[in-house]
Amino acid sequence: MRFLPTDEQSDFARTLRSLLGAAEVPATVRAWADGDTGPGRALWARLARTGLFALAAPEAHEGAGLLPLEMCLGFVELGRAGVPGPVVESAAVSVLLSELADDSLAKRFLPGLAGGETPATLTLAGGSPYALDADAATYCFAVSQAGELRLAAAPGEPLRSTDPARRLSRPPADGGELLAAGPGVTRAAAVAGRWARLLVAAQCLGVGEALLASTVEYAKQRTQFGTPIGSFQAVKHRLADTLLGLEFARPLVWAAALSLAPGEVAAAKLAAGEASYRAAMTALQLHGAVGYTEELDLSLWLRKARPLRDAWGTPSACRAEVLRSLTPPRR
């Protein structure tokens, strides 16, 4: 089976790529890492005008309908450009509130989320234990093991991350405002968690593609013994293996977006996350000593690969989910 985007979907992806290509995203990422979220919020506003954030909200609340495949195409471009902020978490919150079907909560939060005006972060029991960029988000949502959806008043204790542009914090101990509770919250959180895992997989694809493209260009320019290193057989094999990993992950991401089945989403996240991380290791090795320098823009993507590989489902957690989906239920 072939998974190819339609002309309209491809046009949407090209629009995002063009917008991000002209946006000086590396400078925005560095500002975000330093605590200046102004350029990042301005970029979010431009992305919102393309309708990207509306793809995770129903039409009744100023969204475009829940369209995971289109959302994945957009998030590949966000990963390729290295866009900072809780983009995945904001989309997951929109999905959670949509699945809850609580009209009062939907009216209160969804229009701002769909319009990109009120970024949100999210923690789920059994999902992401830490809030991403809670200090930059308008809302911080948390779902507990008991099935309680709460709106936290303030970010909790800050934590260090491999990627300085991914600021993590623990959910505050006081819990915050109770918005909803019960089995419906648990079910909605499970769906939102699958969306988050899927969108991170799409981000991983974009990060891996950016790392591979940078490495290929460098291999054409860097010479050794008077010859570009890209002509060496060992380098060619390394780059080809990196490309194969990304290309094998791509149809898994599209298939998962079409089905949203837990096992397929986990398989997509596992493949895309590992392919992106291998692309980072290839980039680091083939760039040599310059790959370790913070001044090189490459470092912005190198630092994203491992955190994204582990976000919303570590490789071991994704493997366990795939095994569960393949194991027939006991009678």
# chains A, B, ... in the order shown; residues from 1 in each chain; ligands from 1

call {"tool": "select_by_dssp", "arguments": {"residues": "range 176-306 of chain A", "states": "strand (DSSP E)", "output": "list in words"}}
result
Glu177, Leu178, Leu179, Ala180, Ala181, Thr223, Gln224, Thr227 and Pro228 of chain A

call {"tool": "select_by_dssp", "arguments": {"residues": "range 58-236 of chain A", "states": "alpha helix (DSSP H)", "output": "PyMOL selection string"}}
result
chain A and resi 68-81+87-100+103-114+183-221+233-236

call {"tool": "closest_residue", "arguments": {"among": "A:Ala180, A:Glu77, A:Arg46, A:Asp34", "to": "Ser104 in chain A", "atoms": "only C-alpha atoms"}}
result
A:Ala180

call {"tool": "closest_residue", "arguments": {"among": "A:Ala81, A:Met71, A:Ala272, A:Ala60", "to": "Arg17 in chain A", "atoms": "only C-alpha atoms"}}
result
A:Ala81

call {"tool": "residues_around", "arguments": {"residues": "Leu149 in chain A", "least_positions_apart": "2", "cutoff": "9 Å", "atoms": "only C-alpha atoms", "output": "ChimeraX atom specification"}}
result
/A:141-144,147,151,177-182,185-186,189

call {"tool": "write_last_selection", "arguments": {"atoms": "C-alpha atoms", "output": "PDB file, in the first residue's frame"}}
result
ATOM      1  CA  PHE A 141      -3.223  21.063  31.974  1.00  0.00           C
ATOM      2  CA  ALA A 142      -2.671  17.847  33.910  1.00  0.00           C
ATOM      3  CA  VAL A 143      -4.539  14.546  33.987  1.00  0.00           C
ATOM      4  CA  SER A 144      -3.980  12.396  37.072  1.00  0.00           C
ATOM      5  CA  GLY A 147      -8.909  10.585  35.950  1.00  0.00           C
ATOM      6  CA  LEU A 151      -5.660  23.475  35.211  1.00  0.00           C
ATOM      7  CA  GLU A 177      -8.495  24.075  39.291  1.00  0.00           C
ATOM      8  CA  LEU A 178     -10.488  20.878  38.761  1.00  0.00           C
ATOM      9  CA  LEU A 179     -12.056  20.971  35.299  1.00  0.00           C
ATOM     10  CA  ALA A 180     -13.459  17.457  34.901  1.00  0.00           C
ATOM     11  CA  ALA A 181     -13.159  13.967  36.365  1.00  0.00           C
ATOM     12  CA  GLY A 182     -14.223  10.410  35.668  1.00  0.00           C
ATOM     13  CA  VAL A 185     -11.374  12.062  31.156  1.00  0.00           C
ATOM     14  CA  THR A 186      -9.317   8.866  31.160  1.00  0.00           C
ATOM     15  CA  ALA A 189      -6.516  11.458  27.792  1.00  0.00           C
TER      16      ALA A 189
END

call {"tool": "atom_distance", "arguments": {"atom1": "CA of His61 in chain A", "atom2": "CA of Phe12 in chain A"}}
result
21.6 Å
